[in-house]
file input_11.cif (mmCIF, C-alpha atoms and all ligand atoms; chains and numbers go by the auth columns)
data_my_file
loop_
_atom_site.group_PDB
_atom_site.id
_atom_site.type_symbol
_atom_site.label_atom_id
_atom_site.label_comp_id
_atom_site.label_asym_id
_atom_site.label_seq_id
_atom_site.Cartn_x
_atom_site.Cartn_y
_atom_site.Cartn_z
_atom_site.B_iso_or_equiv
_atom_site.auth_seq_id
_atom_site.auth_asym_id
ATOM 1 C CA MET A 1 -5.558 104.655 110.301 0.00 1 B
ATOM 2 C CA THR A 2 -3.672 101.440 109.537 0.00 2 B
ATOM 3 C CA GLN A 3 -0.451 102.147 107.720 0.00 3 B
ATOM 4 C CA GLU A 4 0.122 99.990 104.647 0.00 4 B
ATOM 5 C CA LEU A 5 3.168 99.198 102.539 0.00 5 B
ATOM 6 C CA THR A 6 3.488 97.441 99.211 0.00 6 B
ATOM 7 C CA ILE A 7 5.755 94.411 99.189 0.00 7 B
ATOM 8 C CA GLU A 8 7.014 92.183 96.411 0.00 8 B
ATOM 9 C CA LEU A 9 8.265 88.700 97.141 0.00 9 B
ATOM 10 C CA THR A 10 8.489 85.209 95.754 0.00 10 B
ATOM 11 C CA ILE A 11 6.728 82.355 97.502 0.00 11 B
ATOM 12 C CA ASN A 12 7.198 78.803 96.288 0.00 12 B
ATOM 13 C CA GLU A 13 8.593 80.210 93.037 0.00 13 B
ATOM 14 C CA LYS A 14 5.557 82.388 92.372 0.00 14 B
ATOM 15 C CA SER A 15 5.784 86.204 92.485 0.00 15 B
ATOM 16 C CA TYR A 16 3.400 88.276 94.568 0.00 16 B
ATOM 17 C CA GLN A 17 2.848 91.986 95.042 0.00 17 B
ATOM 18 C CA ARG A 18 0.523 93.089 97.827 0.00 18 B
ATOM 19 C CA SER A 19 -0.303 96.208 99.854 0.00 19 B
ATOM 20 C CA ILE A 20 -0.501 95.068 103.450 0.00 20 B
ATOM 21 C CA PRO A 21 -0.750 96.523 106.947 0.00 21 B
ATOM 22 C CA VAL A 22 2.748 97.036 108.322 0.00 22 B
ATOM 23 C CA ARG A 23 1.880 95.083 111.473 0.00 23 B
ATOM 24 C CA LEU A 24 0.723 91.929 109.647 0.00 24 B
ATOM 25 C CA THR A 25 2.891 88.924 110.519 0.00 25 B
ATOM 26 C CA LEU A 26 4.342 86.758 107.795 0.00 26 B
ATOM 27 C CA ALA A 27 2.366 83.806 109.173 0.00 27 B
ATOM 28 C CA ASP A 28 -0.931 85.688 108.880 0.00 28 B
ATOM 29 C CA PHE A 29 0.057 87.035 105.461 0.00 29 B
ATOM 30 C CA LEU A 30 0.690 83.508 104.176 0.00 30 B
ATOM 31 C CA ARG A 31 -2.444 82.051 105.708 0.00 31 B
ATOM 32 C CA HIS A 32 -5.009 84.835 105.344 0.00 32 B
ATOM 33 C CA GLU A 33 -3.835 86.854 102.328 0.00 33 B
ATOM 34 C CA LEU A 34 -2.515 84.002 100.180 0.00 34 B
ATOM 35 C CA ASN A 35 -4.474 81.047 101.586 0.00 35 B
ATOM 36 C CA LEU A 36 -1.242 79.101 102.140 0.00 36 B
ATOM 37 C CA THR A 37 -2.627 77.465 105.254 0.00 37 B
ATOM 38 C CA GLY A 38 0.025 74.760 105.401 0.00 38 B
ATOM 39 C CA THR A 39 2.062 77.085 107.614 0.00 39 B
ATOM 40 C CA HIS A 40 0.617 76.513 111.069 0.00 40 B
ATOM 41 C CA VAL A 41 0.387 78.934 113.952 0.00 41 B
ATOM 42 C CA GLY A 42 0.709 77.476 117.436 0.00 42 B
ATOM 43 C CA CYS A 43 2.253 79.514 120.227 0.00 43 B
ATOM 44 C CA GLU A 44 2.616 82.800 118.293 0.00 44 B
ATOM 45 C CA HIS A 45 5.692 83.709 120.308 0.00 45 B
ATOM 46 C CA GLY A 46 8.544 81.818 118.740 0.00 46 B
ATOM 47 C CA VAL A 47 8.627 78.690 120.874 0.00 47 B
ATOM 48 C CA CYS A 48 6.844 75.822 119.117 0.00 48 B
ATOM 49 C CA GLY A 49 8.312 76.059 115.606 0.00 49 B
ATOM 50 C CA ALA A 50 5.044 75.184 113.856 0.00 50 B
ATOM 51 C CA CYS A 51 5.190 78.368 111.763 0.00 51 B
ATOM 52 C CA THR A 52 8.751 77.834 110.500 0.00 52 B
ATOM 53 C CA VAL A 53 9.292 78.723 106.839 0.00 53 B
ATOM 54 C CA LEU A 54 12.395 79.137 104.714 0.00 54 B
ATOM 55 C CA VAL A 55 13.318 82.737 103.901 0.00 55 B
ATOM 56 C CA ASP A 56 16.090 82.817 101.328 0.00 56 B
ATOM 57 C CA GLY A 57 16.859 79.239 102.314 0.00 57 B
ATOM 58 C CA ARG A 58 17.116 79.856 106.060 0.00 58 B
ATOM 59 C CA THR A 59 14.549 78.847 108.627 0.00 59 B
ATOM 60 C CA GLN A 60 12.571 81.668 110.185 0.00 60 B
ATOM 61 C CA ARG A 61 9.648 81.900 112.590 0.00 61 B
ATOM 62 C CA ALA A 62 6.796 83.337 110.507 0.00 62 B
ATOM 63 C CA CYS A 63 4.890 84.313 113.677 0.00 63 B
ATOM 64 C CA LEU A 64 7.703 86.655 114.714 0.00 64 B
ATOM 65 C CA THR A 65 8.425 88.075 111.275 0.00 65 B
ATOM 66 C CA LEU A 66 6.468 90.981 109.886 0.00 66 B
ATOM 67 C CA ALA A 67 5.437 90.362 106.312 0.00 67 B
ATOM 68 C CA VAL A 68 6.967 93.716 105.323 0.00 68 B
ATOM 69 C CA GLN A 69 10.324 92.425 106.590 0.00 69 B
ATOM 70 C CA ALA A 70 10.125 89.705 103.949 0.00 70 B
ATOM 71 C CA ASP A 71 9.911 92.251 101.123 0.00 71 B
ATOM 72 C CA GLY A 72 12.206 91.122 98.306 0.00 72 B
ATOM 73 C CA SER A 73 12.708 87.641 99.767 0.00 73 B
ATOM 74 C CA SER A 74 12.221 84.207 98.330 0.00 74 B
ATOM 75 C CA ILE A 75 10.124 82.098 100.676 0.00 75 B
ATOM 76 C CA THR A 76 9.466 78.376 100.725 0.00 76 B
ATOM 77 C CA THR A 77 6.532 77.024 102.699 0.00 77 B
ATOM 78 C CA ILE A 78 5.385 73.451 103.177 0.00 78 B
ATOM 79 C CA GLU A 79 3.353 73.800 99.969 0.00 79 B
ATOM 80 C CA GLY A 80 6.599 74.376 98.062 0.00 80 B
ATOM 81 C CA LEU A 81 8.243 71.121 99.131 0.00 81 B
ATOM 82 C CA ALA A 82 6.179 68.966 96.777 0.00 82 B
ATOM 83 C CA THR A 83 6.420 68.906 92.992 0.00 83 B
ATOM 84 C CA GLY A 84 2.823 68.947 91.814 0.00 84 B
ATOM 85 C CA GLU A 85 1.228 65.818 93.260 0.00 85 B
ATOM 86 C CA GLU A 86 4.614 64.237 93.938 0.00 86 B
ATOM 87 C CA LEU A 87 5.768 64.436 97.532 0.00 87 B
ATOM 88 C CA GLY A 88 9.268 65.651 98.276 0.00 88 B
ATOM 89 C CA PRO A 89 11.718 63.152 99.859 0.00 89 B
ATOM 90 C CA LEU A 90 11.092 64.450 103.373 0.00 90 B
ATOM 91 C CA GLN A 91 7.336 64.387 102.963 0.00 91 B
ATOM 92 C CA GLN A 92 7.493 60.847 101.574 0.00 92 B
ATOM 93 C CA ALA A 93 9.733 59.731 104.438 0.00 93 B
ATOM 94 C CA PHE A 94 7.363 61.230 107.034 0.00 94 B
ATOM 95 C CA MET A 95 4.553 59.256 105.434 0.00 95 B
ATOM 96 C CA ASP A 96 6.567 56.025 105.212 0.00 96 B
ATOM 97 C CA GLN A 97 7.787 56.225 108.808 0.00 97 B
ATOM 98 C CA HIS A 98 4.471 57.359 110.347 0.00 98 B
ATOM 99 C CA ALA A 99 6.232 60.486 111.560 0.00 99 B
ATOM 100 C CA LEU A 100 3.066 62.480 112.128 0.00 100 B
ATOM 101 C CA GLN A 101 -0.135 62.036 114.024 0.00 101 B
ATOM 102 C CA CYS A 102 -2.159 65.254 114.220 0.00 102 B
ATOM 103 C CA GLY A 103 0.302 66.874 111.791 0.00 103 B
ATOM 104 C CA PHE A 104 0.280 70.258 113.478 0.00 104 B
ATOM 105 C CA CYS A 105 4.049 70.385 113.949 0.00 105 B
ATOM 106 C CA THR A 106 4.806 68.754 110.603 0.00 106 B
ATOM 107 C CA PRO A 107 5.180 71.821 108.332 0.00 107 B
ATOM 108 C CA GLY A 108 7.736 73.324 110.705 0.00 108 B
ATOM 109 C CA MET A 109 9.528 70.004 111.081 0.00 109 B
ATOM 110 C CA LEU A 110 9.787 69.647 107.306 0.00 110 B
ATOM 111 C CA THR A 111 11.077 73.154 106.630 0.00 111 B
ATOM 112 C CA THR A 112 13.560 72.852 109.502 0.00 112 B
ATOM 113 C CA LEU A 113 14.821 69.515 108.228 0.00 113 B
ATOM 114 C CA THR A 114 15.006 70.845 104.673 0.00 114 B
ATOM 115 C CA GLU A 115 17.555 73.429 105.746 0.00 115 B
ATOM 116 C CA PHE A 116 19.344 70.962 108.012 0.00 116 B
ATOM 117 C CA LEU A 117 19.766 68.235 105.373 0.00 117 B
ATOM 118 C CA SER A 118 21.015 70.769 102.843 0.00 118 B
ATOM 119 C CA GLU A 119 23.858 71.501 105.264 0.00 119 B
ATOM 120 C CA ASN A 120 24.342 67.997 106.646 0.00 120 B
ATOM 121 C CA PRO A 121 23.355 65.311 104.112 0.00 121 B
ATOM 122 C CA ASP A 122 24.554 62.378 106.246 0.00 122 B
ATOM 123 C CA PRO A 123 23.536 63.191 109.805 0.00 123 B
ATOM 124 C CA THR A 124 23.627 61.009 112.867 0.00 124 B
ATOM 125 C CA ASP A 125 20.562 60.311 114.967 0.00 125 B
ATOM 126 C CA ALA A 126 21.881 62.764 117.592 0.00 126 B
ATOM 127 C CA GLU A 127 22.427 65.529 115.028 0.00 127 B
ATOM 128 C CA VAL A 128 18.846 65.171 113.793 0.00 128 B
ATOM 129 C CA ARG A 129 17.604 65.478 117.367 0.00 129 B
ATOM 130 C CA ILE A 130 19.576 68.714 117.816 0.00 130 B
ATOM 131 C CA ALA A 131 18.282 70.014 114.485 0.00 131 B
ATOM 132 C CA ILE A 132 14.640 69.593 115.526 0.00 132 B
ATOM 133 C CA SER A 133 15.167 70.739 119.107 0.00 133 B
ATOM 134 C CA GLY A 134 13.405 74.021 118.305 0.00 134 B
ATOM 135 C CA ASN A 135 10.298 72.245 116.998 0.00 135 B
ATOM 136 C CA LEU A 136 7.799 70.870 119.483 0.00 136 B
ATOM 137 C CA CYS A 137 5.674 67.812 118.757 0.00 137 B
ATOM 138 C CA ARG A 138 2.949 66.833 121.194 0.00 138 B
ATOM 139 C CA CYS A 139 2.092 63.499 119.570 0.00 139 B
ATOM 140 C CA THR A 140 4.854 61.341 118.188 0.00 140 B
ATOM 141 C CA GLY A 141 7.579 61.050 120.806 0.00 141 B
ATOM 142 C CA TYR A 142 10.000 62.125 118.037 0.00 142 B
ATOM 143 C CA GLU A 143 11.328 58.604 117.307 0.00 143 B
ATOM 144 C CA ASN A 144 9.599 58.277 113.958 0.00 144 B
ATOM 145 C CA ILE A 145 10.462 61.848 113.024 0.00 145 B
ATOM 146 C CA VAL A 146 14.144 61.051 113.477 0.00 146 B
ATOM 147 C CA ARG A 147 13.758 57.849 111.443 0.00 147 B
ATOM 148 C CA ALA A 148 12.024 59.830 108.686 0.00 148 B
ATOM 149 C CA ALA A 149 14.790 62.430 108.621 0.00 149 B
ATOM 150 C CA LEU A 150 17.412 59.696 108.272 0.00 150 B
ATOM 151 C CA GLN A 151 15.395 58.002 105.499 0.00 151 B
ATOM 152 C CA ALA A 152 15.068 61.309 103.633 0.00 152 B
ATOM 153 C CA ALA A 153 18.794 61.919 104.026 0.00 153 B
ATOM 154 C CA ARG A 154 19.515 58.513 102.452 0.00 154 B
ATOM 155 C CA THR A 155 17.100 59.216 99.593 0.00 155 B
ATOM 156 C CA LEU A 156 18.592 62.629 98.938 0.00 156 B
ATOM 157 C CA ARG A 157 22.136 61.242 98.926 0.00 157 B
ATOM 158 C CA GLU A 158 21.093 58.579 96.405 0.00 158 B
ATOM 159 C CA THR A 159 19.149 60.912 94.129 0.00 159 B
ATOM 160 C CA THR A 160 20.878 64.293 94.367 0.00 160 B
ATOM 161 C CA PRO A 161 24.002 64.721 92.232 0.00 161 B
ATOM 162 C CA GLY A 162 26.929 65.783 94.396 0.00 162 B
ATOM 163 C CA ALA A 163 25.251 64.837 97.651 0.00 163 B
ATOM 164 C CA SER A 164 26.675 61.295 97.790 0.00 164 B
ATOM 165 C CA THR A 165 29.816 62.470 99.561 0.00 165 B
ATOM 166 C CA PRO A 166 28.709 63.296 103.065 0.00 166 B
ATOM 167 C CA MET A 167 29.659 66.743 104.246 0.00 167 B
ATOM 168 C CA GLN A 168 31.856 66.520 107.352 0.00 168 B
ATOM 169 C CA VAL A 169 30.016 67.983 110.278 0.00 169 B
ATOM 170 C CA ASP A 170 32.448 68.893 112.978 0.00 170 B
ATOM 171 C CA ALA A 171 31.870 70.251 116.424 0.00 171 B
ATOM 172 C CA LEU A 172 31.729 73.793 115.044 0.00 172 B
ATOM 173 C CA ASP A 173 28.853 72.930 112.735 0.00 173 B
ATOM 174 C CA THR A 174 27.004 71.167 115.507 0.00 174 B
ATOM 175 C CA ASP A 175 27.456 74.201 117.744 0.00 175 B
ATOM 176 C CA HIS A 176 26.244 76.369 114.888 0.00 176 B
ATOM 177 C CA ALA A 177 23.108 74.243 114.493 0.00 177 B
ATOM 178 C CA ARG A 178 22.458 74.293 118.234 0.00 178 B
ATOM 179 C CA ALA A 179 22.924 78.062 118.411 0.00 179 B
ATOM 180 C CA GLN A 180 20.765 78.592 115.359 0.00 180 B
ATOM 181 C CA HIS A 181 17.858 76.640 116.774 0.00 181 B
ATOM 182 C CA ALA A 182 18.268 78.205 120.173 0.00 182 B
ATOM 183 C CA ARG A 183 18.068 81.587 118.458 0.00 183 B
ATOM 184 C CA GLY A 184 14.987 80.465 116.600 0.00 184 B
ATOM 185 C CA ALA A 185 13.315 79.396 119.822 0.00 185 B
ATOM 186 C CA GLN A 186 13.904 82.849 121.264 0.00 186 B
ATOM 187 C CA GLN A 187 12.800 84.841 118.228 0.00 187 B
HETATM 188 FE FE1 LIG B . 5.009 78.831 117.595 0.00 201 B
HETATM 189 FE FE2 LIG B . 5.594 80.554 115.636 0.00 201 B
HETATM 190 S S1 LIG B . 3.659 79.762 116.132 0.00 201 B
HETATM 191 S S2 LIG B . 6.960 79.514 116.927 0.00 201 B
HETATM 192 FE FE1 LIG B . 0.903 66.221 116.475 0.00 202 B
HETATM 193 FE FE2 LIG B . 3.513 66.647 116.044 0.00 202 B
HETATM 194 S S1 LIG B . 2.208 65.204 115.046 0.00 202 B
HETATM 195 S S2 LIG B . 2.138 67.830 117.218 0.00 202 B
#
call {"tool": "encode", "arguments": {"input": "input_11.cif", "output": "structure tokens"}}
result
Amino acid sequence: MTQELTIELTINEKSYQRSIPVRLTLADFLRHELNLTGTHVGCEHGVCGACTVLVDGRTQRACLTLAVQADGSSITTIEGLATGEELGPLQQAFMDQHALQCGFCTPGMLTTLTEFLSENPDPTDAEVRIAISGNLCRCTGYENIVRAALQAARTLRETTPGASTPMQVDALDTDHARAQHARGAQQ
């Protein structure tokens, strides 16, 4: 008999309560139980980054997370980055800079960059490349993704109160970002 547990969590600012099998992954929960199919599933073993979502503001591989582990959390998926029909700054920048082709990696890129830009609002090209090093794209060659991230950073600095003063990112922060994404790739 499949064991079930009841979980309560918030996804894109909406509350859910569901009884689910304890072995259901967060990725499958989002896609199959809630029809939030913007979260993509590629490798299913923590390498490609396509399934990355934000759990309490931190990136997490949804393919390696059991949905029951997310009980009580606040989750943001790609669907939560827009405001109604209005694209978020990162989404708009990806469109402007042609930063996607098939789009399979895009949800994970956007959630990863959302966390990254919240910590480093004025990144260098090299820092963006480190930030997305745990997200694989088979199509774009990454150049336009980096350009889009830098465009979104500019937009956010211009439009977000308090973000106009760039946060200093020292070697420690860069090491932290590298370690974080390395951890993510191994999860
Ligand atoms: Fe590839 Fe989760 S599906 S990391
Ligand atoms: Fe196709 Fe990145 S746009 S995998």
call {"tool": "closest_atom_pairs", "arguments": {"input": "input_11.cif", "of": "region 32-85 of chain B", "to": "region 89-102 of chain B", "cutoff": "10 Å", "atoms": "all atoms listed in the file", "output": "JSON lines"}}
result
{"residue": "B:Ile78", "atom": "CA", "partner": "B:Gln91", "partner_atom": "CA", "distance": 9.3}
{"residue": "B:Leu81", "atom": "CA", "partner": "B:Gln91", "partner_atom": "CA", "distance": 7.8}
{"residue": "B:Ala82", "atom": "CA", "partner": "B:Gln91", "partner_atom": "CA", "distance": 7.8}
call {"tool": "residues_around", "arguments": {"input": "input_11.cif", "residues": "region 23-34 of chain B", "least_positions_apart": "2", "cutoff": "12 Å", "atoms": "all atoms listed in the file", "output": "VMD selection string"}}
result
chain B and resid 2 to 5 7 9 to 12 14 to 21 36 to 46 49 to 55 60 to 71 73 75 to 79 108
call {"tool": "closest_atom_pairs", "arguments": {"input": "input_11.cif", "of": "chain B", "to": "ligand LIG 202 (chain B)", "cutoff": "9 Å", "atoms": "all atoms listed in the file", "output": "CSV"}}
result
residue,atom,partner,partner_atom,distance
B:Ala50,CA,B:LIG202,S2,8.6
B:Ala99,CA,B:LIG202,S1,7.1
B:Leu100,CA,B:LIG202,S1,4.1
B:Gln101,CA,B:LIG202,S1,4.1
B:Cys102,CA,B:LIG202,FE1,3.9
B:Gly103,CA,B:LIG202,S1,4.1
B:Phe104,CA,B:LIG202,S2,4.8
B:Cys105,CA,B:LIG202,FE2,4.3
B:Thr106,CA,B:LIG202,FE2,6.0
B:Met109,CA,B:LIG202,FE2,8.5
B:Asn135,CA,B:LIG202,FE2,8.8
B:Leu136,CA,B:LIG202,S2,6.8
B:Cys137,CA,B:LIG202,FE2,3.7
B:Arg138,CA,B:LIG202,S2,4.2
B:Cys139,CA,B:LIG202,FE1,4.3
B:Thr140,CA,B:LIG202,S1,5.6
B:Gly141,CA,B:LIG202,FE2,8.4
B:Tyr142,CA,B:LIG202,FE2,8.2
B:Ile145,CA,B:LIG202,FE2,9.0
call {"tool": "atom_distance", "arguments": {"input": "input_11.cif", "atom1": "CA of Glu143 (chain B)", "atom2": "CA of Gly57 (chain B)"}}
result
26.1 Å
call {"tool": "residues_near_point", "arguments": {"input": "input_11.cif", "point": "(16.5, 69.9, 99.2)", "cutoff": "10 Å", "atoms": "only C-alpha atoms", "output": "MDAnalysis selection string"}}
result
chainID B and resid 57 81 88:90 111 113:119 121 152:153 156 160
call {"tool": "atom_distance", "arguments": {"input": "input_11.cif", "atom1": "atom FE2 of ligand LIG 201 (chain B)", "atom2": "CA of Cys48 (chain B)"}}
result
6.0 Å
call {"tool": "atom_distance", "arguments": {"input": "input_11.cif", "atom1": "CA of Val146 (chain B)", "atom2": "CA of Ala126 (chain B)"}}
result
8.9 Å
call {"tool": "closest_residue", "arguments": {"input": "input_11.cif", "among": "B:Pro107, B:Pro161, B:Gly72, B:Gly80", "to": "ligand LIG 201 (chain B)", "atoms": "only C-alpha atoms and all ligand atoms"}}
result
B:Pro107
call {"tool": "closest_residue", "arguments": {"input": "input_11.cif", "among": "B:Val47, B:Ile132, B:Leu87, B:Val22", "to": "ligand LIG 201 (chain B)", "atoms": "only C-alpha atoms and all ligand atoms"}}
result
B:Val47
call {"tool": "build_atoms", "arguments": {"input": "input_11.cif", "residues": "region 15-33 of chain B", "atoms": "N, CA and C atoms", "output": "short mmCIF file (atom, residue, chain, number, x, y, z; two decimals), keeping the file's coordinate frame"}}
result
data_model
loop_
_atom_site.label_atom_id
_atom_site.label_comp_id
_atom_site.auth_asym_id
_atom_site.auth_seq_id
_atom_site.Cartn_x
_atom_site.Cartn_y
_atom_site.Cartn_z
N SER B 15 5.60 84.81 92.05
CA SER B 15 5.78 86.20 92.48
C SER B 15 4.47 86.81 92.96
N TYR B 16 4.58 87.60 94.02
CA TYR B 16 3.40 88.28 94.57
C TYR B 16 3.74 89.74 94.81
N GLN B 17 2.75 90.60 94.62
CA GLN B 17 2.85 91.99 95.04
C GLN B 17 1.56 92.31 95.79
N ARG B 18 1.70 92.81 97.01
CA ARG B 18 0.52 93.09 97.83
C ARG B 18 0.74 94.35 98.66
N SER B 19 -0.32 95.12 98.87
CA SER B 19 -0.30 96.21 99.85
C SER B 19 -0.88 95.65 101.14
N ILE B 20 -0.09 95.72 102.21
CA ILE B 20 -0.50 95.07 103.45
C ILE B 20 -0.26 95.98 104.65
N PRO B 21 -1.02 95.76 105.72
CA PRO B 21 -0.75 96.52 106.95
C PRO B 21 0.65 96.22 107.44
N VAL B 22 1.35 97.24 107.92
CA VAL B 22 2.75 97.04 108.32
C VAL B 22 2.88 96.09 109.52
N ARG B 23 1.80 95.92 110.28
CA ARG B 23 1.88 95.08 111.47
C ARG B 23 1.45 93.64 111.21
N LEU B 24 1.15 93.30 109.97
CA LEU B 24 0.72 91.93 109.65
C LEU B 24 1.93 90.98 109.73
N THR B 25 1.78 89.88 110.45
CA THR B 25 2.89 88.92 110.52
C THR B 25 2.98 88.14 109.21
N LEU B 26 4.17 87.58 109.00
CA LEU B 26 4.34 86.76 107.80
C LEU B 26 3.42 85.54 107.85
N ALA B 27 3.24 84.98 109.04
CA ALA B 27 2.37 83.81 109.17
C ALA B 27 0.94 84.16 108.75
N ASP B 28 0.44 85.29 109.24
CA ASP B 28 -0.93 85.69 108.88
C ASP B 28 -1.02 86.08 107.41
N PHE B 29 0.04 86.69 106.89
CA PHE B 29 0.06 87.04 105.46
C PHE B 29 -0.07 85.76 104.61
N LEU B 30 0.73 84.76 104.95
CA LEU B 30 0.69 83.51 104.18
C LEU B 30 -0.69 82.86 104.28
N ARG B 31 -1.21 82.80 105.48
CA ARG B 31 -2.44 82.05 105.71
C ARG B 31 -3.68 82.82 105.23
N HIS B 32 -3.75 84.10 105.58
CA HIS B 32 -5.01 84.84 105.34
C HIS B 32 -5.03 85.61 104.03
N GLU B 33 -3.86 86.10 103.59
CA GLU B 33 -3.84 86.85 102.33
C GLU B 33 -3.65 85.92 101.13
#
